[in-house]
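Engineer: One file is attached below, input-v7.txt, containing compact mmCIF, N, CA and C atoms.
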```txt
# COMPACT_ATOMS: atom_id res chain seq x y z
N MET R 197 1.65 37.82 97.38
CA MET R 197 0.65 37.19 96.52
C MET R 197 0.27 38.11 95.37
N LYS R 198 0.19 39.39 95.67
CA LYS R 198 -0.18 40.36 94.65
C LYS R 198 0.89 40.41 93.56
N LYS R 199 2.17 40.30 93.95
CA LYS R 199 3.27 40.32 92.98
C LYS R 199 3.21 39.10 92.07
N ILE R 200 2.90 37.95 92.63
CA ILE R 200 2.80 36.74 91.82
C ILE R 200 1.66 36.87 90.82
N PHE R 201 0.54 37.40 91.27
CA PHE R 201 -0.61 37.59 90.38
C PHE R 201 -0.25 38.53 89.23
N LEU R 202 0.40 39.64 89.52
CA LEU R 202 0.81 40.59 88.48
C LEU R 202 1.82 39.96 87.53
N PHE R 203 2.73 39.16 88.09
CA PHE R 203 3.71 38.47 87.25
C PHE R 203 3.01 37.52 86.28
N MET R 204 2.02 36.78 86.78
CA MET R 204 1.28 35.84 85.93
C MET R 204 0.54 36.57 84.81
N ILE R 205 -0.06 37.69 85.12
CA ILE R 205 -0.76 38.47 84.09
C ILE R 205 0.23 38.98 83.06
N ALA R 206 1.35 39.50 83.51
CA ALA R 206 2.38 40.00 82.58
C ALA R 206 2.91 38.87 81.72
N TRP R 207 3.16 37.72 82.32
CA TRP R 207 3.69 36.57 81.59
C TRP R 207 2.70 36.11 80.51
N CYS R 208 1.44 36.00 80.86
CA CYS R 208 0.42 35.58 79.90
C CYS R 208 0.29 36.59 78.76
N SER R 209 0.37 37.85 79.08
CA SER R 209 0.28 38.89 78.05
C SER R 209 1.44 38.81 77.09
N LEU R 210 2.64 38.60 77.62
CA LEU R 210 3.83 38.52 76.77
C LEU R 210 3.81 37.28 75.89
N THR R 211 3.45 36.14 76.46
CA THR R 211 3.45 34.92 75.66
C THR R 211 2.38 34.97 74.59
N THR R 212 1.26 35.60 74.87
CA THR R 212 0.21 35.74 73.85
C THR R 212 0.70 36.64 72.73
N ALA R 213 1.38 37.70 73.06
CA ALA R 213 1.88 38.63 72.04
C ALA R 213 2.93 37.96 71.18
N VAL R 214 3.76 37.11 71.77
CA VAL R 214 4.81 36.44 71.01
C VAL R 214 4.22 35.38 70.10
N VAL R 215 3.24 34.64 70.59
CA VAL R 215 2.67 33.54 69.82
C VAL R 215 1.78 34.04 68.70
N ALA R 216 1.08 35.13 68.92
CA ALA R 216 0.16 35.64 67.90
C ALA R 216 0.94 36.05 66.66
N GLN R 217 0.45 35.64 65.52
CA GLN R 217 1.08 35.98 64.25
C GLN R 217 0.09 36.76 63.41
N ARG R 218 0.66 37.61 62.56
CA ARG R 218 -0.22 38.31 61.63
C ARG R 218 -0.70 37.31 60.59
N PRO R 219 -1.98 37.35 60.27
CA PRO R 219 -2.47 36.42 59.25
C PRO R 219 -1.89 36.79 57.89
N ILE R 220 -1.69 35.78 57.08
CA ILE R 220 -1.17 36.02 55.74
C ILE R 220 -2.21 36.78 54.95
N ASN R 221 -1.80 37.78 54.26
CA ASN R 221 -2.71 38.52 53.40
C ASN R 221 -2.56 37.95 52.00
N ILE R 222 -3.40 36.98 51.68
CA ILE R 222 -3.29 36.26 50.41
C ILE R 222 -3.50 37.18 49.22
N ASP R 223 -4.36 38.18 49.37
CA ASP R 223 -4.57 39.12 48.27
C ASP R 223 -3.30 39.90 47.96
N SER R 224 -2.56 40.28 48.98
CA SER R 224 -1.30 40.99 48.77
C SER R 224 -0.31 40.11 48.03
N LEU R 225 -0.24 38.83 48.41
CA LEU R 225 0.68 37.92 47.73
C LEU R 225 0.28 37.73 46.27
N ARG R 226 -1.00 37.63 46.03
CA ARG R 226 -1.45 37.48 44.63
C ARG R 226 -1.14 38.73 43.81
N ARG R 227 -1.27 39.90 44.45
CA ARG R 227 -0.93 41.14 43.73
C ARG R 227 0.56 41.17 43.40
N VAL R 228 1.39 40.68 44.30
CA VAL R 228 2.83 40.61 44.03
C VAL R 228 3.09 39.72 42.83
N ILE R 229 2.41 38.59 42.77
CA ILE R 229 2.60 37.67 41.64
C ILE R 229 2.18 38.34 40.33
N VAL R 230 1.05 39.02 40.33
CA VAL R 230 0.58 39.70 39.13
C VAL R 230 1.58 40.76 38.69
N ARG R 231 2.08 41.54 39.66
CA ARG R 231 3.07 42.57 39.33
C ARG R 231 4.35 41.96 38.79
N LEU R 232 4.77 40.86 39.35
CA LEU R 232 5.98 40.20 38.85
C LEU R 232 5.75 39.70 37.42
N ASP R 233 4.55 39.23 37.14
CA ASP R 233 4.23 38.78 35.77
C ASP R 233 4.33 39.94 34.78
N GLN R 234 3.99 41.14 35.23
CA GLN R 234 3.97 42.30 34.35
C GLN R 234 5.35 42.92 34.18
N GLN R 235 6.29 42.59 35.04
CA GLN R 235 7.64 43.14 34.97
C GLN R 235 8.39 42.48 33.82
N SER R 236 9.63 42.88 33.66
CA SER R 236 10.47 42.27 32.64
C SER R 236 10.66 40.80 32.96
N PRO R 237 11.02 39.99 31.96
CA PRO R 237 11.18 38.55 32.18
C PRO R 237 12.15 38.20 33.30
N SER R 238 13.15 39.03 33.53
CA SER R 238 14.11 38.71 34.58
C SER R 238 13.45 38.78 35.96
N PHE R 239 12.49 39.68 36.14
CA PHE R 239 11.78 39.75 37.43
C PHE R 239 10.72 38.66 37.55
N ALA R 240 10.12 38.29 36.44
CA ALA R 240 9.07 37.28 36.47
C ALA R 240 9.63 35.88 36.73
N ASN R 241 10.93 35.72 36.54
CA ASN R 241 11.55 34.40 36.70
C ASN R 241 12.67 34.44 37.73
N ASP R 242 12.42 35.01 38.87
CA ASP R 242 13.48 35.06 39.86
C ASP R 242 13.04 34.44 41.18
N THR R 243 13.94 34.45 42.14
CA THR R 243 13.69 33.78 43.41
C THR R 243 12.59 34.46 44.22
N VAL R 244 12.37 35.75 44.02
CA VAL R 244 11.29 36.44 44.74
C VAL R 244 9.95 35.83 44.34
N ARG R 245 9.79 35.59 43.07
CA ARG R 245 8.54 34.97 42.59
C ARG R 245 8.37 33.57 43.16
N ILE R 246 9.46 32.81 43.19
CA ILE R 246 9.40 31.45 43.72
C ILE R 246 9.00 31.47 45.19
N ASN R 247 9.63 32.34 45.97
CA ASN R 247 9.29 32.43 47.39
C ASN R 247 7.84 32.87 47.59
N THR R 248 7.36 33.78 46.75
CA THR R 248 5.98 34.24 46.85
C THR R 248 5.01 33.10 46.51
N LEU R 249 5.32 32.34 45.47
CA LEU R 249 4.48 31.20 45.11
C LEU R 249 4.46 30.17 46.24
N LEU R 250 5.60 29.96 46.89
CA LEU R 250 5.63 29.04 48.03
C LEU R 250 4.73 29.53 49.16
N GLU R 251 4.72 30.84 49.41
CA GLU R 251 3.85 31.39 50.45
C GLU R 251 2.38 31.20 50.10
N VAL R 252 2.04 31.44 48.84
CA VAL R 252 0.65 31.26 48.41
C VAL R 252 0.26 29.78 48.53
N ALA R 253 1.15 28.89 48.12
CA ALA R 253 0.88 27.46 48.23
C ALA R 253 0.70 27.05 49.68
N THR R 254 1.51 27.61 50.57
CA THR R 254 1.40 27.31 51.99
C THR R 254 0.05 27.76 52.52
N TYR R 255 -0.42 28.92 52.05
CA TYR R 255 -1.73 29.42 52.48
C TYR R 255 -2.83 28.45 52.07
N HIS R 256 -2.71 27.92 50.86
CA HIS R 256 -3.73 27.01 50.33
C HIS R 256 -3.53 25.58 50.80
N SER R 257 -2.49 25.33 51.54
CA SER R 257 -2.15 23.99 51.97
C SER R 257 -3.33 23.30 52.63
N MET R 258 -3.55 22.08 52.24
CA MET R 258 -4.58 21.20 52.81
C MET R 258 -6.00 21.71 52.59
N ARG R 259 -6.20 22.76 51.87
CA ARG R 259 -7.55 23.29 51.68
C ARG R 259 -8.17 22.75 50.37
N THR R 260 -7.44 22.91 49.32
CA THR R 260 -7.94 22.49 48.01
C THR R 260 -6.75 22.03 47.19
N ASP R 261 -7.01 21.79 45.94
CA ASP R 261 -5.90 21.46 45.04
C ASP R 261 -5.13 22.70 44.63
N SER R 262 -5.54 23.86 45.11
CA SER R 262 -4.81 25.09 44.79
C SER R 262 -3.38 25.03 45.29
N GLY R 263 -3.17 24.39 46.42
CA GLY R 263 -1.81 24.25 46.95
C GLY R 263 -0.91 23.54 45.95
N PHE R 264 -1.41 22.45 45.37
CA PHE R 264 -0.63 21.71 44.37
C PHE R 264 -0.43 22.55 43.10
N TYR R 265 -1.43 23.31 42.74
CA TYR R 265 -1.31 24.17 41.57
C TYR R 265 -0.13 25.14 41.74
N PHE R 266 -0.09 25.83 42.88
CA PHE R 266 0.98 26.80 43.10
C PHE R 266 2.33 26.11 43.32
N LEU R 267 2.32 24.94 43.93
CA LEU R 267 3.58 24.22 44.11
C LEU R 267 4.15 23.74 42.78
N ASN R 268 3.28 23.31 41.87
CA ASN R 268 3.76 22.91 40.53
C ASN R 268 4.34 24.10 39.78
N LYS R 269 3.67 25.27 39.90
CA LYS R 269 4.22 26.48 39.28
C LYS R 269 5.58 26.82 39.89
N THR R 270 5.68 26.69 41.20
CA THR R 270 6.93 26.96 41.89
C THR R 270 8.04 26.04 41.41
N LEU R 271 7.75 24.76 41.35
CA LEU R 271 8.74 23.77 40.93
C LEU R 271 9.21 24.03 39.51
N LYS R 272 8.27 24.27 38.60
CA LYS R 272 8.65 24.53 37.20
C LYS R 272 9.53 25.76 37.07
N LEU R 273 9.18 26.81 37.78
CA LEU R 273 9.97 28.04 37.72
C LEU R 273 11.36 27.83 38.33
N ALA R 274 11.43 27.15 39.47
CA ALA R 274 12.72 26.89 40.11
C ALA R 274 13.60 26.03 39.21
N GLN R 275 13.00 25.07 38.51
CA GLN R 275 13.78 24.25 37.57
C GLN R 275 14.21 25.08 36.37
N LYS R 276 13.35 25.97 35.91
CA LYS R 276 13.67 26.81 34.75
C LYS R 276 14.88 27.70 35.02
N ILE R 277 14.95 28.27 36.23
CA ILE R 277 16.08 29.16 36.53
C ILE R 277 17.20 28.41 37.24
N ASN R 278 17.02 27.09 37.41
CA ASN R 278 18.04 26.23 38.00
C ASN R 278 18.43 26.70 39.40
N TRP R 279 17.43 26.86 40.28
CA TRP R 279 17.66 27.28 41.66
C TRP R 279 17.39 26.08 42.57
N PRO R 280 18.45 25.40 43.00
CA PRO R 280 18.29 24.19 43.79
C PRO R 280 17.48 24.38 45.07
N LYS R 281 17.67 25.48 45.77
CA LYS R 281 16.93 25.70 47.01
C LYS R 281 15.43 25.75 46.73
N GLY R 282 15.03 26.45 45.67
CA GLY R 282 13.62 26.52 45.31
C GLY R 282 13.05 25.17 44.91
N ILE R 283 13.86 24.39 44.19
CA ILE R 283 13.43 23.05 43.79
C ILE R 283 13.23 22.18 45.03
N GLY R 284 14.20 22.23 45.93
CA GLY R 284 14.10 21.43 47.15
C GLY R 284 12.93 21.83 48.02
N LEU R 285 12.70 23.14 48.16
CA LEU R 285 11.57 23.60 48.97
C LEU R 285 10.24 23.21 48.34
N ALA R 286 10.17 23.25 47.01
CA ALA R 286 8.93 22.84 46.33
C ALA R 286 8.67 21.35 46.56
N TYR R 287 9.72 20.53 46.42
CA TYR R 287 9.57 19.09 46.67
C TYR R 287 9.15 18.84 48.13
N LEU R 288 9.78 19.54 49.05
CA LEU R 288 9.47 19.37 50.46
C LEU R 288 8.02 19.77 50.77
N SER R 289 7.58 20.87 50.19
CA SER R 289 6.20 21.32 50.39
C SER R 289 5.21 20.32 49.80
N MET R 290 5.57 19.72 48.66
CA MET R 290 4.70 18.70 48.07
C MET R 290 4.63 17.48 48.98
N ALA R 291 5.76 17.13 49.60
CA ALA R 291 5.76 16.01 50.53
C ALA R 291 4.79 16.28 51.68
N TYR R 292 4.82 17.49 52.22
CA TYR R 292 3.90 17.86 53.30
C TYR R 292 2.45 17.81 52.84
N GLU R 293 2.19 18.28 51.64
CA GLU R 293 0.82 18.26 51.11
C GLU R 293 0.29 16.84 51.00
N TYR R 294 1.11 15.97 50.39
CA TYR R 294 0.66 14.58 50.24
C TYR R 294 0.52 13.89 51.59
N TYR R 295 1.39 14.23 52.54
CA TYR R 295 1.27 13.66 53.87
C TYR R 295 -0.05 14.08 54.52
N GLY R 296 -0.41 15.33 54.34
CA GLY R 296 -1.68 15.82 54.89
C GLY R 296 -2.88 15.16 54.27
N LYS R 297 -2.73 14.69 53.04
CA LYS R 297 -3.82 13.99 52.36
C LYS R 297 -3.74 12.48 52.57
N GLN R 298 -2.85 12.06 53.47
CA GLN R 298 -2.67 10.65 53.81
C GLN R 298 -2.18 9.81 52.63
N GLU R 299 -1.48 10.44 51.69
CA GLU R 299 -0.87 9.71 50.57
C GLU R 299 0.61 9.57 50.91
N ILE R 300 0.89 8.62 51.78
CA ILE R 300 2.21 8.49 52.39
C ILE R 300 3.28 8.11 51.37
N GLU R 301 2.97 7.24 50.44
CA GLU R 301 3.98 6.83 49.45
C GLU R 301 4.43 8.02 48.60
N LYS R 302 3.48 8.82 48.15
CA LYS R 302 3.82 10.01 47.36
C LYS R 302 4.60 11.00 48.23
N SER R 303 4.19 11.14 49.48
CA SER R 303 4.87 12.03 50.40
C SER R 303 6.33 11.63 50.56
N MET R 304 6.57 10.34 50.76
CA MET R 304 7.93 9.86 50.92
C MET R 304 8.75 10.06 49.65
N ASN R 305 8.12 9.89 48.50
CA ASN R 305 8.80 10.09 47.22
C ASN R 305 9.29 11.53 47.09
N TYR R 306 8.42 12.50 47.40
CA TYR R 306 8.81 13.90 47.29
C TYR R 306 9.80 14.30 48.39
N ALA R 307 9.67 13.71 49.57
CA ALA R 307 10.64 13.99 50.62
C ALA R 307 12.02 13.47 50.23
N GLN R 308 12.06 12.32 49.57
CA GLN R 308 13.34 11.78 49.11
C GLN R 308 13.95 12.67 48.04
N LYS R 309 13.12 13.18 47.13
CA LYS R 309 13.62 14.11 46.11
C LYS R 309 14.18 15.38 46.76
N ALA R 310 13.46 15.88 47.77
CA ALA R 310 13.93 17.08 48.48
C ALA R 310 15.25 16.81 49.18
N LEU R 311 15.36 15.66 49.82
CA LEU R 311 16.59 15.31 50.51
C LEU R 311 17.76 15.19 49.54
N THR R 312 17.51 14.58 48.39
CA THR R 312 18.56 14.45 47.38
C THR R 312 19.06 15.82 46.93
N VAL R 313 18.13 16.73 46.68
CA VAL R 313 18.52 18.10 46.29
C VAL R 313 19.30 18.75 47.43
N GLY R 314 18.81 18.60 48.65
CA GLY R 314 19.48 19.19 49.81
C GLY R 314 20.90 18.67 49.99
N LEU R 315 21.08 17.37 49.83
CA LEU R 315 22.41 16.79 49.96
C LEU R 315 23.34 17.19 48.82
N ASN R 316 22.82 17.19 47.61
CA ASN R 316 23.65 17.53 46.45
C ASN R 316 24.09 18.98 46.43
N HIS R 317 23.32 19.85 47.06
CA HIS R 317 23.62 21.29 47.01
C HIS R 317 23.88 21.90 48.38
N GLN R 318 24.14 21.05 49.36
CA GLN R 318 24.46 21.50 50.72
C GLN R 318 23.42 22.47 51.27
N GLU R 319 22.16 22.19 51.05
CA GLU R 319 21.07 22.99 51.60
C GLU R 319 20.67 22.35 52.93
N LEU R 320 21.27 22.85 54.00
CA LEU R 320 21.09 22.23 55.31
C LEU R 320 19.66 22.32 55.82
N LEU R 321 18.97 23.43 55.54
CA LEU R 321 17.59 23.59 55.99
C LEU R 321 16.69 22.51 55.38
N ILE R 322 16.88 22.24 54.11
CA ILE R 322 16.08 21.22 53.43
C ILE R 322 16.43 19.85 53.99
N GLN R 323 17.72 19.59 54.21
CA GLN R 323 18.13 18.32 54.78
C GLN R 323 17.50 18.10 56.15
N ALA R 324 17.50 19.13 56.97
CA ALA R 324 16.97 19.02 58.32
C ALA R 324 15.46 18.77 58.31
N ASP R 325 14.75 19.39 57.38
CA ASP R 325 13.29 19.22 57.32
C ASP R 325 12.88 17.84 56.79
N CYS R 326 13.76 17.23 56.04
CA CYS R 326 13.43 15.90 55.52
C CYS R 326 13.58 14.86 56.60
```
Please express the file's structure as structure tokens.

Structural biologist:
Amino acid sequence: MKKIFLFMIAWCSLTTAVVAQRPINIDSLRRVIVRLDQQSPSFANDTVRINTLLEVATYHSMRTDSGFYFLNKTLKLAQKINWPKGIGLAYLSMAYEYYGKQEIEKSMNYAQKALTVGLNHQELLIQADC
């Protein structure tokens, strides 16, 4: 009985450690964006910036219109540098945002756009999420 009890405690401790995630440090992400803005134009318009904007938008998701603000910036930048994965992820994130706001028609529209990008550019992750 004692062994089972110890096993249960160990199991609970391990599962808690695995499930716990570090909280996003939004200030750090914003500092990265500011630094990228200050770098040469090639750094300010690259995939690192797009991924960082997606993280910031995810943080703001369902909280305010800030999520849409960062997603629009992400989409414009991804279109500017012609990065299909970034475009698809931005569309997919917008679909999730609209779904969370119960705007199902808009959500489906953006999900369809994401799926089209995913299919046209063989982005399997985007296809699977749609």

Engineer: Residues within 7 Å of Gly284 in chain R, please, as a list in words. Count all atoms listed in the file; anything in the same chain fewer than 6 positions from it doesn't count.

Structural biologist: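 So, after excluding close chain neighbours, the residues are Lys309, Ala310, Leu311, Val313, Gly314 and Ile322 of chain R.
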
Engineer: Would you put the residues from that selection into a file with N, CA and C atoms, as a PDB file, in the frame of the given file?

Structural biologist:
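The file below, again07.pdb, is the result:
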```
ATOM      1  N   LYS R 309      13.120  13.180  47.130  1.00  0.00           N
ATOM      2  CA  LYS R 309      13.620  14.110  46.110  1.00  0.00           C
ATOM      3  C   LYS R 309      14.180  15.380  46.760  1.00  0.00           C
ATOM      4  N   ALA R 310      13.460  15.880  47.770  1.00  0.00           N
ATOM      5  CA  ALA R 310      13.930  17.080  48.480  1.00  0.00           C
ATOM      6  C   ALA R 310      15.250  16.810  49.180  1.00  0.00           C
ATOM      7  N   LEU R 311      15.360  15.660  49.820  1.00  0.00           N
ATOM      8  CA  LEU R 311      16.590  15.310  50.510  1.00  0.00           C
ATOM      9  C   LEU R 311      17.760  15.190  49.540  1.00  0.00           C
ATOM     10  N   VAL R 313      18.130  16.730  46.680  1.00  0.00           N
ATOM     11  CA  VAL R 313      18.520  18.100  46.290  1.00  0.00           C
ATOM     12  C   VAL R 313      19.300  18.750  47.430  1.00  0.00           C
ATOM     13  N   GLY R 314      18.810  18.600  48.650  1.00  0.00           N
ATOM     14  CA  GLY R 314      19.480  19.190  49.810  1.00  0.00           C
ATOM     15  C   GLY R 314      20.900  18.670  49.990  1.00  0.00           C
ATOM     16  N   ILE R 322      16.880  22.240  54.110  1.00  0.00           N
ATOM     17  CA  ILE R 322      16.080  21.220  53.430  1.00  0.00           C
ATOM     18  C   ILE R 322      16.430  19.850  53.990  1.00  0.00           C
TER      19      ILE R 322
END
```

Engineer: So the first atom is atom C of Leu250 in chain R and the second is CA of Trp279 in chain R; what is the distance between them in Å, to one decimal place?

Structural biologist: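 Computing it gives 15.1 Å between the two atoms.
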
Engineer: If I take atom N of Arg245 in chain R and atom C of Glu301 in chain R, how far is one from the other in Å, to one decimal?

Structural biologist: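 Atom-to-atom, atom N of Arg245 in chain R and atom C of Glu301 in chain R are spaced 28.6 Å apart.
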
Engineer: Could you jot down the CA of Tyr294 in chain R to CA of Asp242 in chain R separation for me, Å, one decimal place?

Structural biologist: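 Answer for the CA of Tyr294 in chain R to CA of Asp242 in chain R separation: 26.3 Å.
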
Engineer: I want to know what sits within 9 Å of Glu293 in chain R, based on only C-alpha atoms, with residues of the same chain fewer than 3 positions away left out; could you give that as an MDAnalysis selection string?

Structural biologist: chainID R and resid 257:258 263:264 288:290 296:299 303

Engineer: I need the chosen residues saved as a PDB file, keeping the file's coordinate frame, with N, CA and C atoms.

Structural biologist:
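Final file, result-v6.pdb:
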```pdb
ATOM      1  N   SER R 257      -2.490  25.330  51.540  1.00  0.00           N
ATOM      2  CA  SER R 257      -2.150  23.990  51.970  1.00  0.00           C
ATOM      3  C   SER R 257      -3.330  23.300  52.630  1.00  0.00           C
ATOM      4  N   MET R 258      -3.550  22.080  52.240  1.00  0.00           N
ATOM      5  CA  MET R 258      -4.580  21.200  52.810  1.00  0.00           C
ATOM      6  C   MET R 258      -6.000  21.710  52.590  1.00  0.00           C
ATOM      7  N   GLY R 263      -3.170  24.390  46.420  1.00  0.00           N
ATOM      8  CA  GLY R 263      -1.810  24.250  46.950  1.00  0.00           C
ATOM      9  C   GLY R 263      -0.910  23.540  45.950  1.00  0.00           C
ATOM     10  N   PHE R 264      -1.410  22.450  45.370  1.00  0.00           N
ATOM     11  CA  PHE R 264      -0.630  21.710  44.370  1.00  0.00           C
ATOM     12  C   PHE R 264      -0.430  22.550  43.100  1.00  0.00           C
ATOM     13  N   LEU R 288       9.780  19.540  49.050  1.00  0.00           N
ATOM     14  CA  LEU R 288       9.470  19.370  50.460  1.00  0.00           C
ATOM     15  C   LEU R 288       8.020  19.770  50.770  1.00  0.00           C
ATOM     16  N   SER R 289       7.580  20.870  50.190  1.00  0.00           N
ATOM     17  CA  SER R 289       6.200  21.320  50.390  1.00  0.00           C
ATOM     18  C   SER R 289       5.210  20.320  49.800  1.00  0.00           C
ATOM     19  N   MET R 290       5.570  19.720  48.660  1.00  0.00           N
ATOM     20  CA  MET R 290       4.700  18.700  48.070  1.00  0.00           C
ATOM     21  C   MET R 290       4.630  17.480  48.980  1.00  0.00           C
ATOM     22  N   GLY R 296      -0.410  15.330  54.340  1.00  0.00           N
ATOM     23  CA  GLY R 296      -1.680  15.820  54.890  1.00  0.00           C
ATOM     24  C   GLY R 296      -2.880  15.160  54.270  1.00  0.00           C
ATOM     25  N   LYS R 297      -2.730  14.690  53.040  1.00  0.00           N
ATOM     26  CA  LYS R 297      -3.820  13.990  52.360  1.00  0.00           C
ATOM     27  C   LYS R 297      -3.740  12.480  52.570  1.00  0.00           C
ATOM     28  N   GLN R 298      -2.850  12.060  53.470  1.00  0.00           N
ATOM     29  CA  GLN R 298      -2.670  10.650  53.810  1.00  0.00           C
ATOM     30  C   GLN R 298      -2.180   9.810  52.630  1.00  0.00           C
ATOM     31  N   GLU R 299      -1.480  10.440  51.690  1.00  0.00           N
ATOM     32  CA  GLU R 299      -0.870   9.710  50.570  1.00  0.00           C
ATOM     33  C   GLU R 299       0.610   9.570  50.910  1.00  0.00           C
ATOM     34  N   SER R 303       4.190  11.140  49.480  1.00  0.00           N
ATOM     35  CA  SER R 303       4.870  12.030  50.400  1.00  0.00           C
ATOM     36  C   SER R 303       6.330  11.630  50.560  1.00  0.00           C
TER      37      SER R 303
END
```

Engineer: Looking at all atoms listed in the file, which of R:Ala286, R:Tyr306, R:Lys281, R:Tyr295 is the one that sits closest to Asn268 in chain R?

Structural biologist: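 Closest to Asn268 in chain R, using all atoms listed in the file: R:Ala286.
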
Engineer: Determine the nearest neighbour of Met304 in chain R from the options R:Asn247, R:Asn316, R:Lys272, R:Ala291, counting only N, CA and C atoms.

Structural biologist: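 Smallest distance to Met304 in chain R is found for R:Ala291.
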
Engineer: Excluding Phe266 in chain R and any residue of its chain fewer than 5 positions from it, enumerate the residues within 10 Å of it, using only C-alpha atoms, and give them as an MDAnalysis selection string.

Structural biologist: chainID R and resid 246 248:254 256:257 261 271:272 286

Engineer: Rank R:Gln318, R:Cys326, R:Thr270, R:Asn305 by their smallest atom-to-atom distance to Gly282 in chain R, using all atoms listed in the file, and report the top residue only.

Structural biologist: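 The closest residue to Gly282 in chain R is R:Thr270.
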
Engineer: Would you return as a ChimeraX atom specification the members of range 229-324 of chain R that DSSP assigns to alpha helix (DSSP H) on this structure's backbone?

Structural biologist: /R:229-234,237-240,243-256,262-276,280-296,300-316,320-324

Engineer: Calculate, to one decimal in Å, the centre and edge lengths of the box along x, y and z of the file that holds all listed atoms of range 314-326 of chain R with 3 Å of margin on each side, and present them as JSON.

Structural biologist:
```
{"center_x": 18.7, "center_y": 19.2, "center_z": 52.4, "size_x": 17.6, "size_y": 14.7, "size_z": 17.9}
```
